[in-house]
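Novice: Let me begin by handing over the structure; questions about it come next.
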Amino acid sequence: MFQNISINASINACTRFLERVGRLVVTGIEEVGNGGVMVGESIYWLIFGARLKQPVRMNAIIQQMMEIGIFAVPIIAMLAGAISVTLAIQGIYSLRIFGAESHVTFGLAFAVVREFAPLITGILVAGRSGSALAARIGTMKINQEIDALKVMGINPVRYLVVPPLVAMLVMVPCLTMMSDVVGLFLAGVYINMELGISLAAYFDEITKILDIDDVLHGLGKSCIYAVLIAVIGVVNGAGVEGGAEGVGKATTRSVVQAISSIIIAAMIVVYVTAR
Amino acid sequence: MGKAAQQPMDAPPVIEVENLVTHYGERQILNGVTMEVRDGEIMVIMGGSGSGKSTLLRHLMALEIKTSGTMRILGKDIDALSQVEFFDLRKKLGVAFQGGALFSSLTVGENAMLPLYEHTDLDIKTMEIMVRMKLEVVELGGFEDLMPAELSGGMIKRAAFARAVVMDPKILFCDEPSAGLDPAVASALDDLILNLRDAMGMSIVVVTHELESAFKIADRITILDRGDILMIGSVEEVRKSSNERIYNLLNRVPEADAIDVDEYLSRLTGEITSGSATL
């Protein structure tokens with residue numbers, strides 16, 4: 001009898017586990033679907049908003065561009081510089097084994113422009129602005145501010161989602177460009193101090209190594225990151241339930257999901273384009 | 001301040017609801033509600049907790065998707081409206097939510113100006129003048145530069161009223177306007193609702209469980225109970241009702257049958273039974 005009870009308990013635990021997995025999968029699919037719908041609606045309002053007397057306001061986009069882009073310049077410049085210098089240090093250390101440290105520029109240029117500048121920019125924007133977007137929309141939802149917008153005849157997607165989405169699509173590539181420049185410059189300063197290669201020679205080599213496709217590769221990735229950050233922030237914010245605690249959870253989830261998706265997207269893009 | 005004269009019985013309806021049925025998941029919330037709100041009247045919706053009054057209000061504001069039934073707002077069937085017509089209709093509605101729902105990143109003046117900014121081509125000076133006038137109406141003149149976080153509970157509700165009426169809506173919805181306020185402030189808000197109706201001629205739908213407030217402002221009262229309408233009538237008719245549930249609601253008597261003991265016990269033992277079956 002005790003053996004039967006034990007077997008039944010194991011079956012129950014398995015059932016509960018499978019139920020939980022099933023629920024998580026369904027929730028995940030639902031969230032991906034919501035994200036797709038959100039992007040579709042945003043494009044719709046961007047194109048047809050003015051015709052439907054619901055124009056997307058340029059000053060709302062500029063305000064978001066300031067918050068997402070301009071105010072993030074110092075921290076992104078600092079971290080892009082730090083990552084690039086770290087890459088230069090590590091590159092020189094590794095290549096010194098083969099006596100080839102003067103060729104550090106090759107690895108550095110590709111790594112910074114194609115991978116690390118967009119990646120570090122995406123991660124910082126996700127932590128700074130994606131979380132803020134989730135918190136803002138979540139708070140507005142629980143305070144019935146989104147309902148208030150609807151009753152006022154203001155479409156919430158047009159008013160709340162399109163401005164940050166457009167601002168991210170413009171500012172994340174701009175910040176990536178800035179990360180490219182700052183990162184390569186500071187790495188060049190370090191290489192100049194460490195190996196005695198002049199900055200002029202360093203940048204001459206950089207321009208020979210890098211193709212416009214490499215820059216576009218990084219910028220293209222940054223556009224994908226921008227959409228991921230905005231959509232994940234909005235979907236998590238819109239799904240908030242349960243008051244202030246729910247807002248906190250949604251904010252954390254949005255940061256974790258955005259950073260994870262950025263890193264996975266980076267891997268997929270490089271797998272598809274660089275093999 | 002007293003209530004304005006009763007609205008004529010033959011005033012045209014601004015909201016007509018027929019056989020409204022709605023579900024949350026599998027749970028039926030409204031069981032075929034039929035009612036109308038007449039032009040220029042203050043209709044108060046009352047009921048106990050879980051009676052469906054907030055759900056009904058959300059339907060009247062076209063915020064929820066119904067399971068079945070028809071609804072006409074300002075003579076228009078909301079199911080037959082195009083997107084543009086729907087937005088145009090919504091510009092004629094105003095709402096003051098229970099918590100105010102003011103946008104925390106905007107000042108009181110900017111909150112009140114938002115509908116004008118989004119829906120009109122007026123220049124900013126004209127909009128500022130209109131906002132100041134509405135803030136004066138709700139006795140918040142001079143407070144336009146304050147942030148919502150700097151306001152008291154009563155002031156937040158007044159600011160929400162100012163935003164709700166800034167476009168001169170035909171219908172104003174108020175969700176629990178006097179909840180959480182001290183009696184003096186609650187009474188002042190009741191006066192404000194009557195003032196708005198008399199000065200602007202709008203129809204007002206108020207959801208409340210405050211009896212004193214309801215009797216003070218209502219032209220007619222709709223009483224909901226577990227998703228059904230128990231009664232629609234004037235204040236006097238409601239007061240004189242012999243219906244036991246209405247009597248209980250008005251006299252704050254807990255309903256003995258609110259919990260079905262058999263159903264409750266079977267629910268408990270049912271869980272145990274199903275649990276033991278798998279063991």
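Chain labels A, B, ... are given in the sequence in which chains occur in the structure tokens; within each chain residues are numbered consecutively from 1, and ligands are likewise numbered from 1 in the order shown.
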Could you pull the residues within 9 Å of segment 233-248 of chain B, counting only C-alpha atoms, minus those fewer than 3 positions along the same chain, as an MDAnalysis selection string?
Specialist: chainID B and resid 47 214:216 218:223 225 230 251:255
Novice: Excluding Ser131 of chain A and any residue of its chain fewer than 3 positions from it, enumerate the residues within 7 Å of it, using only C-alpha atoms, and give them as a compact mmCIF listing (two decimals) with N, CA, C and O atoms, in the first residue's frame.
Specialist:
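Result went into result.txt, see below:
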# COMPACT_ATOMS: atom_id res chain seq x y z
N ALA A 126 18.99 48.23 -22.49
CA ALA A 126 17.98 47.33 -21.89
C ALA A 126 17.88 47.57 -20.39
O ALA A 126 16.77 47.64 -19.84
N GLY A 127 19.02 47.70 -19.74
CA GLY A 127 19.02 47.92 -18.29
C GLY A 127 18.49 49.29 -17.90
O GLY A 127 17.81 49.44 -16.89
N ARG A 128 18.78 50.29 -18.74
CA ARG A 128 18.42 51.66 -18.40
C ARG A 128 16.99 51.99 -18.85
O ARG A 128 16.15 52.42 -18.06
N ALA A 134 9.10 49.25 -19.04
CA ALA A 134 8.24 48.24 -18.40
C ALA A 134 7.61 48.80 -17.12
O ALA A 134 6.40 48.64 -16.88
N ALA A 135 8.42 49.50 -16.32
CA ALA A 135 7.91 50.06 -15.06
C ALA A 135 6.86 51.13 -15.33
O ALA A 135 5.81 51.18 -14.68
N GLY A 233 10.06 45.30 -23.12
CA GLY A 233 9.66 46.26 -22.08
C GLY A 233 8.16 46.49 -22.08
O GLY A 233 7.50 46.45 -21.04
N THR A 251 9.53 44.56 -14.18
CA THR A 251 10.74 45.31 -14.49
C THR A 251 11.94 44.37 -14.53
O THR A 251 12.74 44.41 -15.47
N SER A 254 11.77 42.06 -17.51
CA SER A 254 12.06 42.71 -18.79
C SER A 254 13.57 42.86 -18.98
O SER A 254 14.07 42.66 -20.09
N VAL A 255 14.30 43.17 -17.91
CA VAL A 255 15.76 43.32 -18.03
C VAL A 255 16.38 41.96 -18.36
O VAL A 255 17.20 41.85 -19.28
Novice: Could you pull out the strand (DSSP E or B) residues of segment 54-141 of chain B, going by DSSP on the backbone, and write them as a PyMOL selection string?
Specialist: chain B and resi 68-73+76-77+93-96
Novice: Just to be explicit: take each residue in the selection above, keep N, CA, C and O atoms, and write the result as a compact mmCIF listing (two decimals), in the first residue's frame.
Specialist:
# COMPACT_ATOMS: atom_id res chain seq x y z
N SER B 68 -22.32 38.82 -25.21
CA SER B 68 -23.47 39.03 -26.10
C SER B 68 -24.26 40.24 -25.63
O SER B 68 -24.00 40.80 -24.56
N GLY B 69 -25.23 40.63 -26.43
CA GLY B 69 -26.04 41.80 -26.10
C GLY B 69 -25.70 42.96 -27.02
O GLY B 69 -24.76 42.88 -27.82
N THR B 70 -26.49 44.01 -26.92
CA THR B 70 -26.23 45.19 -27.76
C THR B 70 -26.08 46.42 -26.87
O THR B 70 -26.63 46.48 -25.77
N MET B 71 -25.31 47.37 -27.38
CA MET B 71 -25.10 48.60 -26.62
C MET B 71 -25.05 49.78 -27.58
O MET B 71 -24.31 49.75 -28.56
N ARG B 72 -25.86 50.77 -27.30
CA ARG B 72 -25.85 51.98 -28.12
C ARG B 72 -25.44 53.14 -27.22
O ARG B 72 -26.01 53.34 -26.15
N ILE B 73 -24.44 53.88 -27.67
CA ILE B 73 -23.99 55.06 -26.94
C ILE B 73 -24.20 56.26 -27.85
O ILE B 73 -23.74 56.25 -29.00
N LYS B 76 -25.47 55.40 -31.19
CA LYS B 76 -24.67 54.60 -32.14
C LYS B 76 -24.39 53.23 -31.56
O LYS B 76 -23.92 53.12 -30.41
N ASP B 77 -24.66 52.22 -32.37
CA ASP B 77 -24.37 50.84 -31.98
C ASP B 77 -22.85 50.68 -31.99
O ASP B 77 -22.22 50.79 -33.05
N LEU B 93 -16.95 61.22 -24.42
CA LEU B 93 -17.06 60.59 -23.10
C LEU B 93 -15.95 61.11 -22.19
O LEU B 93 -14.84 61.38 -22.64
N GLY B 94 -16.28 61.24 -20.91
CA GLY B 94 -15.25 61.60 -19.93
C GLY B 94 -15.32 60.62 -18.78
O GLY B 94 -16.37 60.03 -18.52
N VAL B 95 -14.19 60.39 -18.13
CA VAL B 95 -14.22 59.47 -16.99
C VAL B 95 -13.34 59.99 -15.86
O VAL B 95 -12.26 60.52 -16.09
N ALA B 96 -13.87 59.87 -14.65
CA ALA B 96 -13.08 60.16 -13.45
C ALA B 96 -12.97 58.86 -12.68
O ALA B 96 -13.94 58.38 -12.09
Novice: Please report as a PyMOL selection string which residues of chain A come no farther than 7 Å from chain B, using only C-alpha atoms.
Specialist: chain A and resi 5+8-9+52+143-145+148+151-153
Novice: Enumerate as a VMD selection string all residues of segment 68-272 of chain B assigned to helix (DSSP H, G or I) by DSSP on the backbone, naming them with the chain letters and numbers the document uses.
Specialist: chain B and resid 78 to 80 83 to 90 108 to 119 124 to 137 148 to 150 153 to 165 183 to 200 211 to 217 235 to 239 244 to 250 256 to 258 261 to 272
Novice: Excluding same-chain residues fewer than 4 positions from segment 182-196 of chain B, what lies within 9 Å of it counting only C-alpha atoms, as a PDB file with N, CA, C and O atoms, in the first residue's frame?
Specialist:
ATOM      1  N   MET B   1     -26.382  72.453  -0.973  1.00  0.00           N
ATOM      2  CA  MET B   1     -26.913  72.585  -2.324  1.00  0.00           C
ATOM      3  C   MET B   1     -27.880  71.446  -2.640  1.00  0.00           C
ATOM      4  O   MET B   1     -27.597  70.295  -2.381  1.00  0.00           O
ATOM      5  N   GLY B   2     -28.983  71.727  -3.182  1.00  0.00           N
ATOM      6  CA  GLY B   2     -29.955  70.683  -3.450  1.00  0.00           C
ATOM      7  C   GLY B   2     -29.826  70.098  -4.838  1.00  0.00           C
ATOM      8  O   GLY B   2     -29.123  70.617  -5.689  1.00  0.00           O
ATOM      9  N   LYS B   3     -30.542  69.014  -5.029  1.00  0.00           N
ATOM     10  CA  LYS B   3     -30.505  68.369  -6.336  1.00  0.00           C
ATOM     11  C   LYS B   3     -31.332  69.165  -7.329  1.00  0.00           C
ATOM     12  O   LYS B   3     -32.334  69.759  -6.973  1.00  0.00           O
ATOM     13  N   ALA B   4     -30.906  69.158  -8.580  1.00  0.00           N
ATOM     14  CA  ALA B   4     -31.666  69.869  -9.610  1.00  0.00           C
ATOM     15  C   ALA B   4     -32.971  69.138  -9.845  1.00  0.00           C
ATOM     16  O   ALA B   4     -33.159  68.010  -9.423  1.00  0.00           O
ATOM     17  N   ILE B  42     -28.564  61.969 -13.863  1.00  0.00           N
ATOM     18  CA  ILE B  42     -27.485  61.334 -13.110  1.00  0.00           C
ATOM     19  C   ILE B  42     -27.989  59.949 -12.720  1.00  0.00           C
ATOM     20  O   ILE B  42     -28.939  59.817 -11.945  1.00  0.00           O
ATOM     21  N   VAL B 137     -13.637  75.528 -12.255  1.00  0.00           N
ATOM     22  CA  VAL B 137     -14.925  74.854 -12.031  1.00  0.00           C
ATOM     23  C   VAL B 137     -14.801  73.817 -10.914  1.00  0.00           C
ATOM     24  O   VAL B 137     -15.690  73.658 -10.085  1.00  0.00           O
ATOM     25  N   VAL B 138     -13.659  73.102 -10.903  1.00  0.00           N
ATOM     26  CA  VAL B 138     -13.492  72.063  -9.877  1.00  0.00           C
ATOM     27  C   VAL B 138     -12.739  72.607  -8.645  1.00  0.00           C
ATOM     28  O   VAL B 138     -12.264  71.846  -7.808  1.00  0.00           O
ATOM     29  N   GLY B 154      -8.678  64.276  -2.232  1.00  0.00           N
ATOM     30  CA  GLY B 154      -9.810  65.027  -2.782  1.00  0.00           C
ATOM     31  C   GLY B 154      -9.400  65.860  -3.984  1.00  0.00           C
ATOM     32  O   GLY B 154     -10.138  65.961  -4.973  1.00  0.00           O
ATOM     33  N   LYS B 157      -9.031  63.766  -7.103  1.00  0.00           N
ATOM     34  CA  LYS B 157     -10.321  63.453  -7.737  1.00  0.00           C
ATOM     35  C   LYS B 157     -10.847  64.673  -8.490  1.00  0.00           C
ATOM     36  O   LYS B 157     -11.420  64.542  -9.577  1.00  0.00           O
ATOM     37  N   ARG B 158     -10.659  65.864  -7.912  1.00  0.00           N
ATOM     38  CA  ARG B 158     -11.107  67.086  -8.604  1.00  0.00           C
ATOM     39  C   ARG B 158     -10.333  67.278  -9.905  1.00  0.00           C
ATOM     40  O   ARG B 158     -10.912  67.652 -10.938  1.00  0.00           O
ATOM     41  N   PHE B 161     -11.669  65.080 -12.438  1.00  0.00           N
ATOM     42  CA  PHE B 161     -12.920  65.636 -12.995  1.00  0.00           C
ATOM     43  C   PHE B 161     -12.602  66.711 -14.032  1.00  0.00           C
ATOM     44  O   PHE B 161     -13.246  66.781 -15.086  1.00  0.00           O
ATOM     45  N   VAL B 165     -13.809  66.566 -17.976  1.00  0.00           N
ATOM     46  CA  VAL B 165     -14.814  67.466 -18.588  1.00  0.00           C
ATOM     47  C   VAL B 165     -14.188  68.511 -19.513  1.00  0.00           C
ATOM     48  O   VAL B 165     -14.902  69.350 -20.050  1.00  0.00           O
ATOM     49  N   PRO B 177     -16.660  58.035  -6.765  1.00  0.00           N
ATOM     50  CA  PRO B 177     -16.055  59.372  -6.610  1.00  0.00           C
ATOM     51  C   PRO B 177     -15.760  59.737  -5.163  1.00  0.00           C
ATOM     52  O   PRO B 177     -14.818  60.484  -4.896  1.00  0.00           O
ATOM     53  N   SER B 178     -16.570  59.227  -4.222  1.00  0.00           N
ATOM     54  CA  SER B 178     -16.342  59.672  -2.837  1.00  0.00           C
ATOM     55  C   SER B 178     -15.646  58.608  -1.984  1.00  0.00           C
ATOM     56  O   SER B 178     -15.516  58.788  -0.775  1.00  0.00           O
ATOM     57  N   MET B 200     -23.230  72.080 -17.303  1.00  0.00           N
ATOM     58  CA  MET B 200     -22.784  71.619 -18.618  1.00  0.00           C
ATOM     59  C   MET B 200     -23.811  70.712 -19.300  1.00  0.00           C
ATOM     60  O   MET B 200     -23.620  70.324 -20.447  1.00  0.00           O
ATOM     61  N   GLY B 201     -24.854  70.355 -18.582  1.00  0.00           N
ATOM     62  CA  GLY B 201     -25.952  69.593 -19.180  1.00  0.00           C
ATOM     63  C   GLY B 201     -25.578  68.179 -19.595  1.00  0.00           C
ATOM     64  O   GLY B 201     -26.204  67.598 -20.477  1.00  0.00           O
ATOM     65  N   MET B 202     -24.552  67.654 -18.985  1.00  0.00           N
ATOM     66  CA  MET B 202     -24.128  66.309 -19.408  1.00  0.00           C
ATOM     67  C   MET B 202     -24.877  65.223 -18.637  1.00  0.00           C
ATOM     68  O   MET B 202     -25.425  65.480 -17.561  1.00  0.00           O
ATOM     69  N   ILE B 204     -24.590  61.846 -16.469  1.00  0.00           N
ATOM     70  CA  ILE B 204     -23.522  61.360 -15.600  1.00  0.00           C
ATOM     71  C   ILE B 204     -23.899  59.977 -15.060  1.00  0.00           C
ATOM     72  O   ILE B 204     -25.022  59.771 -14.590  1.00  0.00           O
ATOM     73  N   GLU B 212     -25.352  57.641   1.149  1.00  0.00           N
ATOM     74  CA  GLU B 212     -25.678  59.057   1.341  1.00  0.00           C
ATOM     75  C   GLU B 212     -25.421  59.835   0.061  1.00  0.00           C
ATOM     76  O   GLU B 212     -26.226  60.658  -0.384  1.00  0.00           O
ATOM     77  N   SER B 213     -24.264  59.524  -0.528  1.00  0.00           N
ATOM     78  CA  SER B 213     -23.872  60.186  -1.770  1.00  0.00           C
ATOM     79  C   SER B 213     -24.860  59.846  -2.896  1.00  0.00           C
ATOM     80  O   SER B 213     -25.312  60.733  -3.631  1.00  0.00           O
ATOM     81  N   ALA B 214     -25.205  58.560  -2.986  1.00  0.00           N
ATOM     82  CA  ALA B 214     -26.129  58.127  -4.047  1.00  0.00           C
ATOM     83  C   ALA B 214     -27.465  58.843  -3.929  1.00  0.00           C
ATOM     84  O   ALA B 214     -28.009  59.342  -4.926  1.00  0.00           O
ATOM     85  N   LYS B 216     -28.103  61.604  -2.572  1.00  0.00           N
ATOM     86  CA  LYS B 216     -27.979  63.049  -2.761  1.00  0.00           C
ATOM     87  C   LYS B 216     -27.953  63.434  -4.241  1.00  0.00           C
ATOM     88  O   LYS B 216     -28.555  64.426  -4.642  1.00  0.00           O
ATOM     89  N   ILE B 217     -27.249  62.625  -5.042  1.00  0.00           N
ATOM     90  CA  ILE B 217     -27.025  63.072  -6.425  1.00  0.00           C
ATOM     91  C   ILE B 217     -27.917  62.385  -7.458  1.00  0.00           C
ATOM     92  O   ILE B 217     -28.122  62.928  -8.537  1.00  0.00           O
TER      93      ILE B 217
END
Novice: Could you check how far atom CA of Pro173 of chain A sits from atom CA of Gln64 of chain A, in Å to one decimal?
Specialist: 14.8 Å
Novice: Residues at most 7 Å from segment 144-152 of chain B, counting only C-alpha atoms, excluding those fewer than 4 positions away in the same chain, as a list in words?
Specialist: Leu102, Ser104, Leu106, Thr107, Val108, Gly109 and Ile156 of chain B
Novice: Which residue out of A:Ile29, A:Met58, A:Val272, A:Ile229 has the minimum interatomic distance to Leu46 of chain A when only C-alpha atoms are used?
Specialist: A:Met58
Novice: Please measure the separation of atom CA of Val207 of chain B and atom CA of Val44 of chain B, giving the value in Å to one decimal.
Specialist: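 Separation between atom CA of Val207 of chain B and atom CA of Val44 of chain B: 5.8 Å.
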Novice: Which residues are close to Arg27 of chain B, i.e. within 12 Å by only C-alpha atoms, leaving aside same-chain residues fewer than 5 positions away? Reply as a PyMOL selection string.
Specialist: chain B and resi 21-22+50+52+67+226-227
Novice: What is the atom CA of Lys170 of chain B to atom CA of Glu139 of chain B distance in Å?
Specialist: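 These atoms are spaced 21.4 Å apart.
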